[in-house]
Amino acid sequence: MTSASHRGARAPDAIGETPDRRTSAGGHAGVFQDLLPLALWVVDADGRVVQWSLAAQDLLGHTPEQVVGQDVRRVLVPEENRELADRLAGTVRAGAAVVARLPVRHRDGTLVDMEMWHCPIADVRGRTGVLAIAAETSAVERMRDALAALEGLFTQSPIGLAMLGPDLRFLRVNEALARMDGVPVAAHVGRRVTEVAPGAGALESVMRRVLDRGEAVVDFRHVSGAADPEGQRTWSCSYAPLLGAAGRRVGVIASLIDVTEGQRAHAEAERARRRLALLAEAGTQMGSTLDLTRTAREVVRVLVPRLADSADVQLLEEAVAPDETAASAHGVVRRVAAVFTDPAAPADDLAVGMTLQVPPGSVYEQVMSAGRPMNLYLTDIGPLITTPGADRLRAYLRARVGSARLVPLVARGTVLGAVVVTRTYDREPFDDQDTLLIDELVARAALNIDNARMYSRERDAALTLQRSLMDTSLPTVGGLELTGRYLPAGDHEVGGDWFDAIALPDGRTALVIGDVMGHGIHAAAVMGQLRTAVRTLARRGTEPDQVLRSLDAAVADLGDNEMATCLYAVHDPVAGHCLIARAGHPPPVVADERGSVAFLGGAAGPPLGVGRQDWEVQRLVLPPRSLLVTYTDGLIETRGTDLDQGMRRLAQALRHPGRPLEQVCDDLLAHVLTGVADDDVAVLLARALPR
C-alpha cells in the first residue's frame with residue numbers, strides 16, 4: 001500500500017494536519033521533532049545517492065560507503081513501487097515538497113514502512129535533486145501517541161510542568177505551573193526563570209548543570225517566600241535533559257510539586273524523633289551518679305547546645321544545705337553548673353559557685369513559689385541581676401540574648417532551685433515544642449538532683465552513725481603493735497565494714513574484723529550492733545567459735561536478708577600464737593621478718609546469718625616481728641580484678657614487713673587498690689613484738 005500528498009515548497013510543521021492547540025498550554029511544538037529518530041539522505045538529479053546520514057544507516061542498515069554513488073531506486077525502492085517513486089521524484093524536481101508513506105528496503109532485504117518528507121535541493125552541479133527525511137512509520141505513530149499523551153499531561157496534570165530551550169527560556173508551561181508562579185502561561189514563554197520568579201537563581205543554576213552534564217536532578221528542594229515564614233512554600237523540583245537527534249541536549253524538562261505540607265509534616269516528625277532521642281539520651285546521661293554537682297553538670301550538657309545556647313543550674317541553699325544552716329540561707333540560690341557557649345558572655349560574672357539572693361516579689365520568686373516555668377523578657381531579667389558586674393550582664397542580655405526561660409526544679413513537691421536556659425539572637429526563639437521538651441528534661445533533672453540530694457544526706461548520716469559506732473583508734477596492748485584503716489567505697493558509699501582490737505583481762509588481745517552486707521545507714525547500724533556484741537562476748541572470755549555462734553544468732557534475729565562475714569582471733573603473747581575462727585571471711589596472711597608470706601589455709605566456714613554454726617578454730621603461730629594482716633574482701637576483689645590477682649598483689653605488698661607499721665599499711669593499700677574501691681575496705685595489721 002502506498003500513499004502520497006503534495007504540498008508547496010514550504011516545509012510542513014509535522015506530518016499530516018497541524019493539531020488544534022488548546023489555550024491551556026503554550027509554546028513551540030517544533031521542539032518535538034528533535035525527539036523522533038529521523039533518517040536523512042540526498043539524491044542528485046541523476047537519482048544517485050550523494051549523502052547518507054548515520055541515522056539512515058541506523059534505520060536501514062546501509063553504510064554510507066555502500067550507498068553513496070548508487071542508484072537510489074536499485075538500493076532502496078522495491079520493484080513494485082519504482083513507478084510511484086519516479087512520479088514523486090518528478091514532482092519534487094518540479095519544485096514541490098511531498099509527504100508520503102512508502103516501504104523502503106532494508107539492507108537485510110526486509111521492507112521498512114516509513115513516512116518520508118521529500119523536498120527539492122540543489123546538487124553540486126546546480127541541478128534539482130531530492131532531500132529525503134524519513135522516519136519509521138511505527139515510530140511516527142508512537143510519536144503521535146506520545147504527543148497526544150504529552151498534550152494531555154500538560155493540560156490535565158496537577159504537577160507543574162515546563163520545557164525550556166538551550167538558553168533556559170520557557171518554551172512551554174502548563175496551567176498548574178502558571179498557578180504556582182502566579183504568572184499567566186503566555187507570560188512565561190520566551191522568558192527566563194529568574195524573570196518570572198525573582199530569587200530563583202538557584203533553580204536556574206541547577207538547570208544549567210543538567211543541560212551541561214546531561215544528568216537529571218530529582219527532588220531538588222526550593223523554598224520561596226523566605227522573607228515571610230508564614231507564606232513560605234517548599235517545592236520539589238526535578239529536571240531532566242531534553243534530548244534531540246544523536247543525543248544532543250536541546251533543552252530541559254522541568255516538573256515542580258508543592259510539598260510544603262509534607263515537608264512541614266516531615267520536619268515535625270524529624271523534630272519529634274530528635275526530641276525522643278534527646279529524652280532517651282537524657283535518661284542515660286542524667287543521674288548516672290548520685291553526686292549532686294555532677295548531676296547538675298549532666299543537665300547542662302543535655303540542654304546545650306541542642307536546645308539552648310546556655311543553661312544555668314541554680315539550687316536553693318536551704319534545699320541542699322544541712323538543716324542547721326538552712327534557716328539562714330532562705331531565698332539564696334547558688335550556681336552549681338553552667339554552660340555559656342556564646343564567647344561574648346561575661347564568664348566572670350556567671351561563674352559556678354556564685355550566689356544570688358532572689359529579689360522578693362520578682363518573677364524569679366513567683367516561679368519558685370508557684371513551681372511553674374515561665375518565659376523571661378529583659379524587663380524580667382534585669383531586676384534579678386544584683387551581683388557585681390550587673391551592668392555588664394544587662395548590656396550582654398540586651399545585645400545577645402533573644403529568648404530565655406526559667407524552669408523551677410521541683411521534685412516530690414519540693415522546689416530545689418531553677419534552671420535558666422537562653423538562646424541568642426542567632427537562633428530562633430523557643431517555640432512551644434522546645435519549651436515542652438525543656439520542661440520535661442528539667443523535671444527529670446529535678447528528680448535526679450533530689451535523689452542525689454537525699455542520697456548525700458543519707459550518706460552523711462550513715463557516715464556520722466558509722467563514726468559514732470566505730471572508733472578507729474586502737475588500744476595499746478601487750479605483745480602487739482597495731483594499726484588499721486577504713487576506706488568507704490569511693491566518695492559516696494558508706495557500708496558495714498569494721499575492725500576492732502580488745503584488750504582482755506589475762507593479757508591476751510582479741511582482734512576482730514567484719515563486713516556487713518549492703519551499704520548506707522542500715523548496714524552501719526548492723527555493724528554497730530555486731531561490734532558491741534563482739535566487745536561484750538570478748539570481755540567474758542568467750543572462745544572464738546562460740547563468739548561466731550552468738551553473732552550468727554544476732555544476725556539471724558535481724559531478718560532473713562541480713563548477712564555478714566567476720567574473723568575473730570585471740571592473740572596470746574606468752575604462747576606466741578593466735579586462735580582464729582572465720583565466718584565466710586577471707587583468709588588472713590602472715591609475713592615473717594624475712595618477707596616470707598603465707599595465707600591461712602582451711603575452710604572459712606559459713607557467713608553469719610545462715611544458721612549453720614559449724615566454725616572451726618585454727619591455731620596460727622605468730623613469731624616475733626612477724627606481721628598478721630586481716631582485711632575485708634573489698635581489698636582483694638575489685639571490678640576487673642579476680643580474687644587470685646588481688647591475693648597476689650596483697651602478698652607482693654608484704655615482701656618488706658620490717659618497715660614502720662603505718663608505712664606498711666599505707667603502701668599495702670596503695671599497691672593493692674589500683675583505683676577507686678568498688679566496696680568498703682577495712683584492714684587490721686598486728687605485728688608481734690619480741691618477748
# chains A, B, ... in the order shown; residues from 1 in each chain; ligands from 1
call {"tool": "closest_atom_pairs", "arguments": {"of": "region 520-554 of chain A", "to": "region 614-626 of chain A", "cutoff": "8 Å", "atoms": "only C-alpha atoms", "output": "Markdown table"}}
result
| residue | atom | partner | partner_atom | distance |
| --- | --- | --- | --- | --- |
| A:Pro544 | CA | A:Val617 | CA | 6.8 |
| A:Asp545 | CA | A:Trp615 | CA | 5.8 |
| A:Leu548 | CA | A:Trp615 | CA | 7.6 |
call {"tool": "closest_residue", "arguments": {"among": "A:Leu243, A:Gln51, A:Val407, A:Met527", "to": "Glu440 (chain A)", "atoms": "only C-alpha atoms"}}
result
A:Val407
call {"tool": "closest_residue", "arguments": {"among": "A:Gly95, A:Gly182, A:Pro346, A:Gly495", "to": "Leu131 (chain A)", "atoms": "only C-alpha atoms"}}
result
A:Gly95
call {"tool": "atom_distance", "arguments": {"atom1": "CA of Ala533 (chain A)", "atom2": "CA of Leu635 (chain A)"}}
result
25.0 Å
call {"tool": "atom_distance", "arguments": {"atom1": "CA of Gly201 (chain A)", "atom2": "CA of Arg221 (chain A)"}}
result
13.1 Å
call {"tool": "closest_residue", "arguments": {"among": "A:Val173, A:Ser362, A:Arg582, A:His656", "to": "Arg594 (chain A)", "atoms": "only C-alpha atoms"}}
result
A:His656
call {"tool": "select_by_dssp", "arguments": {"residues": "region 234-317 of chain A", "states": "helix (DSSP H, G or I)", "output": "short mmCIF file (atom, residue, chain, number, x, y, z; two decimals) with C-alpha atoms, in the first residue's frame"}}
result
data_model
loop_
_atom_site.label_atom_id
_atom_site.label_comp_id
_atom_site.auth_asym_id
_atom_site.auth_seq_id
_atom_site.Cartn_x
_atom_site.Cartn_y
_atom_site.Cartn_z
CA ALA A 245 18.93 13.85 17.39
CA ALA A 246 22.00 11.76 18.23
CA GLY A 247 21.52 12.51 21.90
CA THR A 260 5.03 22.35 51.71
CA GLU A 261 2.63 20.38 53.88
CA GLY A 262 4.57 17.17 53.50
CA GLN A 263 7.81 19.00 54.27
CA ARG A 264 6.27 20.51 57.37
CA ALA A 265 4.96 17.12 58.46
CA HIS A 266 8.38 15.58 57.80
CA ALA A 267 10.12 18.38 59.68
CA GLU A 268 7.75 17.94 62.60
CA ALA A 269 8.28 14.17 62.58
CA GLU A 270 12.03 14.71 62.49
CA ARG A 271 11.80 17.14 65.38
CA ALA A 272 9.71 14.61 67.28
CA ARG A 273 12.31 11.94 66.56
CA ARG A 274 15.08 14.21 67.79
CA ARG A 275 13.07 15.04 70.90
CA LEU A 276 12.57 11.36 71.68
CA ALA A 277 16.25 10.68 71.02
CA LEU A 278 17.22 13.52 73.34
CA LEU A 279 14.89 12.25 76.05
CA ALA A 280 16.35 8.77 75.68
CA GLU A 281 19.87 10.16 75.82
CA ALA A 282 18.96 12.23 78.86
CA GLY A 283 17.80 9.06 80.57
CA THR A 284 21.29 7.59 80.23
CA GLN A 285 23.31 10.77 80.77
CA LEU A 292 24.68 16.31 93.24
CA THR A 293 27.20 18.56 91.47
CA ARG A 294 27.94 16.05 88.76
CA THR A 295 24.22 15.50 88.17
CA ALA A 296 23.78 19.27 87.67
CA ARG A 297 26.61 19.27 85.13
CA GLU A 298 24.93 16.43 83.26
CA VAL A 299 21.78 18.54 82.99
CA VAL A 300 23.53 21.42 81.21
CA ARG A 301 25.35 19.00 78.89
CA VAL A 302 22.00 17.61 77.73
CA LEU A 303 20.45 21.06 77.19
CA GLU A 317 20.86 26.78 99.65
#
call {"tool": "residues_around", "arguments": {"residues": "region 415-431 of chain A", "least_positions_apart": "4", "cutoff": "9 Å", "atoms": "only C-alpha atoms", "output": "JSON, numbers by chain"}}
result
{"A": [300, 303, 304, 307, 308, 309, 310, 311, 312, 313, 314, 315, 316, 317, 318, 319, 320, 333, 334, 342, 364, 367, 368, 369, 371, 375, 397, 399, 400, 401, 402, 403, 404, 405, 406, 407, 408, 409, 410, 411, 435, 436, 438, 442, 446, 449, 450]}
call {"tool": "residues_around", "arguments": {"residues": "Val210 (chain A)", "least_positions_apart": "2", "cutoff": "10 Å", "atoms": "only C-alpha atoms", "output": "JSON, numbers by chain"}}
result
{"A": [204, 205, 206, 207, 208, 212, 213, 214, 215, 216, 217, 239, 240, 241, 242, 249, 251, 252, 253]}
call {"tool": "write_last_selection", "arguments": {"atoms": "C-alpha atoms", "output": "PDB file, in the first residue's frame"}}
result
ATOM      1  CA  GLU A 204      18.473  28.241  37.021  1.00  0.00           C
ATOM      2  CA  SER A 205      21.902  27.078  38.185  1.00  0.00           C
ATOM      3  CA  VAL A 206      20.587  23.540  38.652  1.00  0.00           C
ATOM      4  CA  MET A 207      19.041  23.547  35.176  1.00  0.00           C
ATOM      5  CA  ARG A 208      22.265  24.817  33.652  1.00  0.00           C
ATOM      6  CA  ASP A 212      25.767  20.922  30.651  1.00  0.00           C
ATOM      7  CA  ARG A 213      26.214  17.450  32.146  1.00  0.00           C
ATOM      8  CA  GLY A 214      23.218  15.668  30.668  1.00  0.00           C
ATOM      9  CA  GLU A 215      22.333  14.259  34.093  1.00  0.00           C
ATOM     10  CA  ALA A 216      18.897  14.535  35.668  1.00  0.00           C
ATOM     11  CA  VAL A 217      18.384  16.136  39.078  1.00  0.00           C
ATOM     12  CA  TYR A 239      14.921  18.410  35.928  1.00  0.00           C
ATOM     13  CA  ALA A 240      15.978  16.166  33.041  1.00  0.00           C
ATOM     14  CA  PRO A 241      17.814  16.972  29.815  1.00  0.00           C
ATOM     15  CA  LEU A 242      15.657  17.175  26.684  1.00  0.00           C
ATOM     16  CA  ARG A 249      20.837  18.183  24.515  1.00  0.00           C
ATOM     17  CA  GLY A 251      16.736  21.857  26.462  1.00  0.00           C
ATOM     18  CA  VAL A 252      15.413  20.895  29.879  1.00  0.00           C
ATOM     19  CA  ILE A 253      12.173  19.300  31.051  1.00  0.00           C
TER      20      ILE A 253
END
call {"tool": "closest_residue", "arguments": {"among": "A:Met143, A:Val516, A:Val683, A:Leu480", "to": "Pro573 (chain A)", "atoms": "only C-alpha atoms"}}
result
A:Leu480
call {"tool": "select_by_dssp", "arguments": {"residues": "region 414-626 of chain A", "states": "strand (DSSP E)", "output": "JSON, numbers by chain"}}
result
{"A": [414, 415, 416, 417, 418, 419, 420, 421, 422, 423, 424, 480, 481, 482, 483, 484, 485, 486, 487, 495, 496, 497, 498, 499, 500, 501, 502, 503, 509, 510, 511, 512, 513, 514, 515, 516, 517, 518, 519, 564, 565, 566, 567, 568, 569, 570, 571, 572, 577, 578, 579, 580, 581, 582, 583, 589, 590, 591, 597, 598, 599, 617, 618, 619, 620, 621]}
call {"tool": "write_last_selection", "arguments": {"atoms": "C-alpha atoms", "output": "compact mmCIF listing (two decimals), in the first residue's frame"}}
result
# COMPACT_ATOMS: atom_id res chain seq x y z
CA THR A 414 9.79 20.44 96.93
CA VAL A 415 11.31 23.33 94.96
CA LEU A 416 15.07 22.73 94.84
CA GLY A 417 16.05 25.66 92.63
CA ALA A 418 15.73 26.59 88.99
CA VAL A 419 17.32 26.21 85.57
CA VAL A 420 17.69 29.22 83.27
CA VAL A 421 18.11 28.48 79.55
CA THR A 422 18.68 31.08 76.83
CA ARG A 423 19.13 31.40 73.10
CA THR A 424 21.00 34.16 71.34
CA LEU A 480 51.35 -6.50 119.65
CA GLU A 481 51.81 -3.32 117.61
CA LEU A 482 48.50 -2.41 115.91
CA THR A 483 47.23 -0.21 113.10
CA GLY A 484 44.15 -0.21 110.87
CA ARG A 485 42.33 1.66 108.11
CA TYR A 486 38.74 2.02 106.91
CA LEU A 487 38.01 3.26 103.37
CA GLY A 495 28.93 0.44 104.38
CA GLY A 496 29.24 -2.00 107.25
CA ASP A 497 32.96 -2.90 107.29
CA TRP A 498 34.69 -2.55 110.66
CA PHE A 499 37.68 -3.67 112.69
CA ASP A 500 38.48 -3.64 116.39
CA ALA A 501 41.07 -4.72 118.96
CA ILE A 502 40.01 -5.53 122.54
CA ALA A 503 42.41 -5.90 125.47
CA THR A 509 44.16 -9.43 122.83
CA ALA A 510 41.04 -10.06 120.75
CA LEU A 511 41.31 -8.98 117.10
CA VAL A 512 38.13 -8.72 115.05
CA ILE A 513 37.28 -7.60 111.51
CA GLY A 514 33.90 -7.91 109.78
CA ASP A 515 31.81 -6.95 106.78
CA VAL A 516 28.03 -6.42 106.86
CA MET A 517 26.31 -6.96 103.52
CA GLY A 518 24.95 -3.74 101.97
CA HIS A 519 25.58 -0.03 102.31
CA ALA A 564 27.81 -10.65 107.41
CA THR A 565 31.31 -12.09 107.44
CA CYS A 566 33.62 -11.97 110.43
CA LEU A 567 37.09 -13.04 111.57
CA TYR A 568 37.67 -13.32 115.31
CA ALA A 569 41.16 -14.03 116.70
CA VAL A 570 42.67 -14.14 120.17
CA HIS A 571 46.43 -13.49 120.47
CA ASP A 572 48.38 -14.96 123.39
CA HIS A 577 50.14 -17.85 118.72
CA CYS A 578 46.61 -16.84 117.71
CA LEU A 579 43.39 -18.83 117.84
CA ILE A 580 41.31 -17.85 114.81
CA ALA A 581 37.74 -18.57 113.69
CA ARG A 582 36.26 -17.31 110.40
CA ALA A 583 32.64 -16.92 109.30
CA VAL A 589 48.03 -13.53 105.78
CA VAL A 590 51.23 -13.77 107.82
CA ALA A 591 54.53 -12.19 106.72
CA VAL A 597 54.26 -14.58 103.01
CA ALA A 598 51.60 -17.26 103.70
CA PHE A 599 47.81 -17.24 103.72
CA VAL A 617 39.07 -22.77 115.37
CA GLN A 618 42.59 -22.71 113.87
CA ARG A 619 45.87 -22.20 115.68
CA LEU A 620 48.30 -19.82 113.96
CA VAL A 621 51.87 -19.36 115.22
call {"tool": "atom_distance", "arguments": {"atom1": "CA of Gln70 (chain A)", "atom2": "CA of Pro37 (chain A)"}}
result
23.8 Å
call {"tool": "residues_around", "arguments": {"residues": "His671 (chain A)", "least_positions_apart": "3", "cutoff": "9 Å", "atoms": "only C-alpha atoms", "output": "PyMOL selection string"}}
result
chain A and resi 649-650+652-653+666-668+674
call {"tool": "write_last_selection", "arguments": {"atoms": "C-alpha atoms", "output": "PDB file, in the first residue's frame"}}
result
ATOM      1  CA  ARG A 649      49.030  -8.164  94.932  1.00  0.00           C
ATOM      2  CA  LEU A 650      48.494  -8.395  98.666  1.00  0.00           C
ATOM      3  CA  GLN A 652      53.660  -8.724  96.932  1.00  0.00           C
ATOM      4  CA  ALA A 653      52.887  -5.697  99.116  1.00  0.00           C
ATOM      5  CA  ASP A 666      49.713   2.803 103.577  1.00  0.00           C
ATOM      6  CA  ASP A 667      51.914   1.069 100.994  1.00  0.00           C
ATOM      7  CA  LEU A 668      49.745  -2.041 101.130  1.00  0.00           C
ATOM      8  CA  THR A 674      44.847   0.330  91.890  1.00  0.00           C
TER       9      THR A 674
END
